[in-house]
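For reference, the structure is listed below as structure tokens.
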Amino acid sequence: MKFILLDDILEQTPDRIVVLKQVSLAEEYLADHFPTFPVMPGVLMIETMVQAARRMLGDRGDARLVLGEVKALKFGSMVRPGETLEVEVTLLKSLEDGSYACKGIGRVRRIRSEENETSLPTGETAVSGRFTMRPIRKG
């Protein structure tokens, strides 16, 4: 099964991208994660950063980039159905082996409602860390 987690691209330059992932209760994985308290799994937050990085780096050569390693990964606020994960990925440097060092941050966007004035967009960090995208190794 392939998950496409980029719903919208807000900004894109050769060294930075900002994307949105809308989390809906209709997403299959939420049935098991967790049935009485559905939240976006951390691994899918990381995958959103990976997909954003792949899109940002796509014009640099090998478009078949995969996650190489993750460092200093931190999780914060949960992302629930009806909320949006806003992911920003920045290229830190190109490495000699064809890999790319990146940093990413995912923030929760909550919708403001008329009856609940405290439900403003929060910008609370859901995930952050540094990671490496590398070409697929052959053989």
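By convention in this document, the chains of the structure tokens carry letters A, B, ... by their order, each chain's residues are numbered from 1, and ligands are numbered from 1 in the order they are shown.
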
Range 7-133 of chain A: residues DSSP assigns to alpha helix (DSSP H), reported as an NGL selection string: :A and (42-57)

Emit the selected residues as a compact mmCIF listing (two decimals), in the first residue's frame, including N, CA and C atoms.
```txt
# COMPACT_ATOMS: atom_id res chain seq x y z
N GLY A 42 3.42 8.55 14.35
CA GLY A 42 4.69 9.25 14.20
C GLY A 42 5.43 8.86 12.94
N VAL A 43 5.38 7.58 12.60
CA VAL A 43 6.09 7.12 11.40
C VAL A 43 5.52 7.77 10.14
N LEU A 44 4.23 8.09 10.13
CA LEU A 44 3.65 8.77 8.96
C LEU A 44 3.98 10.26 8.96
N MET A 45 4.24 10.84 10.14
CA MET A 45 4.74 12.22 10.18
C MET A 45 6.13 12.27 9.54
N ILE A 46 6.97 11.28 9.88
CA ILE A 46 8.30 11.20 9.28
C ILE A 46 8.18 10.98 7.77
N GLU A 47 7.28 10.09 7.36
CA GLU A 47 7.09 9.83 5.93
C GLU A 47 6.63 11.09 5.20
N THR A 48 5.84 11.94 5.84
CA THR A 48 5.43 13.20 5.22
C THR A 48 6.66 14.07 4.97
N MET A 49 7.59 14.12 5.94
CA MET A 49 8.82 14.89 5.74
C MET A 49 9.65 14.29 4.60
N VAL A 50 9.72 12.96 4.53
CA VAL A 50 10.47 12.28 3.48
C VAL A 50 9.88 12.59 2.11
N GLN A 51 8.56 12.50 1.99
CA GLN A 51 7.92 12.79 0.70
C GLN A 51 8.12 14.25 0.30
N ALA A 52 8.09 15.16 1.28
CA ALA A 52 8.33 16.58 0.98
C ALA A 52 9.78 16.78 0.50
N ALA A 53 10.72 16.13 1.19
CA ALA A 53 12.13 16.24 0.79
C ALA A 53 12.34 15.67 -0.61
N ARG A 54 11.72 14.54 -0.89
CA ARG A 54 11.85 13.93 -2.22
C ARG A 54 11.34 14.88 -3.29
N ARG A 55 10.23 15.55 -3.02
CA ARG A 55 9.68 16.51 -3.98
C ARG A 55 10.63 17.70 -4.16
N MET A 56 11.16 18.21 -3.05
CA MET A 56 12.07 19.35 -3.10
C MET A 56 13.35 19.01 -3.87
N LEU A 57 13.86 17.79 -3.69
CA LEU A 57 15.14 17.38 -4.27
C LEU A 57 15.00 16.74 -5.65
```

Nearby residues (only C-alpha atoms) at most 6 Å from Gly123 in chain A, same-chain spacing under 6 positions excluded, as JSON, numbers by chain: {"A": [107, 108, 109]}

Kindly save the residues from that selection, with N, CA and C atoms included, as a PDB file, in the first residue's frame.
```pdb
ATOM      1  N   ARG A 107       4.270  21.067  12.144  1.00  0.00           N
ATOM      2  CA  ARG A 107       3.469  21.795  13.122  1.00  0.00           C
ATOM      3  C   ARG A 107       1.995  21.474  12.915  1.00  0.00           C
ATOM      4  N   VAL A 108       1.263  21.479  14.025  1.00  0.00           N
ATOM      5  CA  VAL A 108      -0.175  21.217  13.980  1.00  0.00           C
ATOM      6  C   VAL A 108      -0.909  22.512  13.664  1.00  0.00           C
ATOM      7  N   ARG A 109      -1.830  22.422  12.715  1.00  0.00           N
ATOM      8  CA  ARG A 109      -2.744  23.527  12.429  1.00  0.00           C
ATOM      9  C   ARG A 109      -4.123  23.075  12.857  1.00  0.00           C
TER      10      ARG A 109
END
```

According to DSSP computed on the backbone, where in chain A is there strand (DSSP E)? Give the residues as an MDAnalysis selection string. chainID A and resid 8:13 16:22 65:75 84:94 100:109 125:135
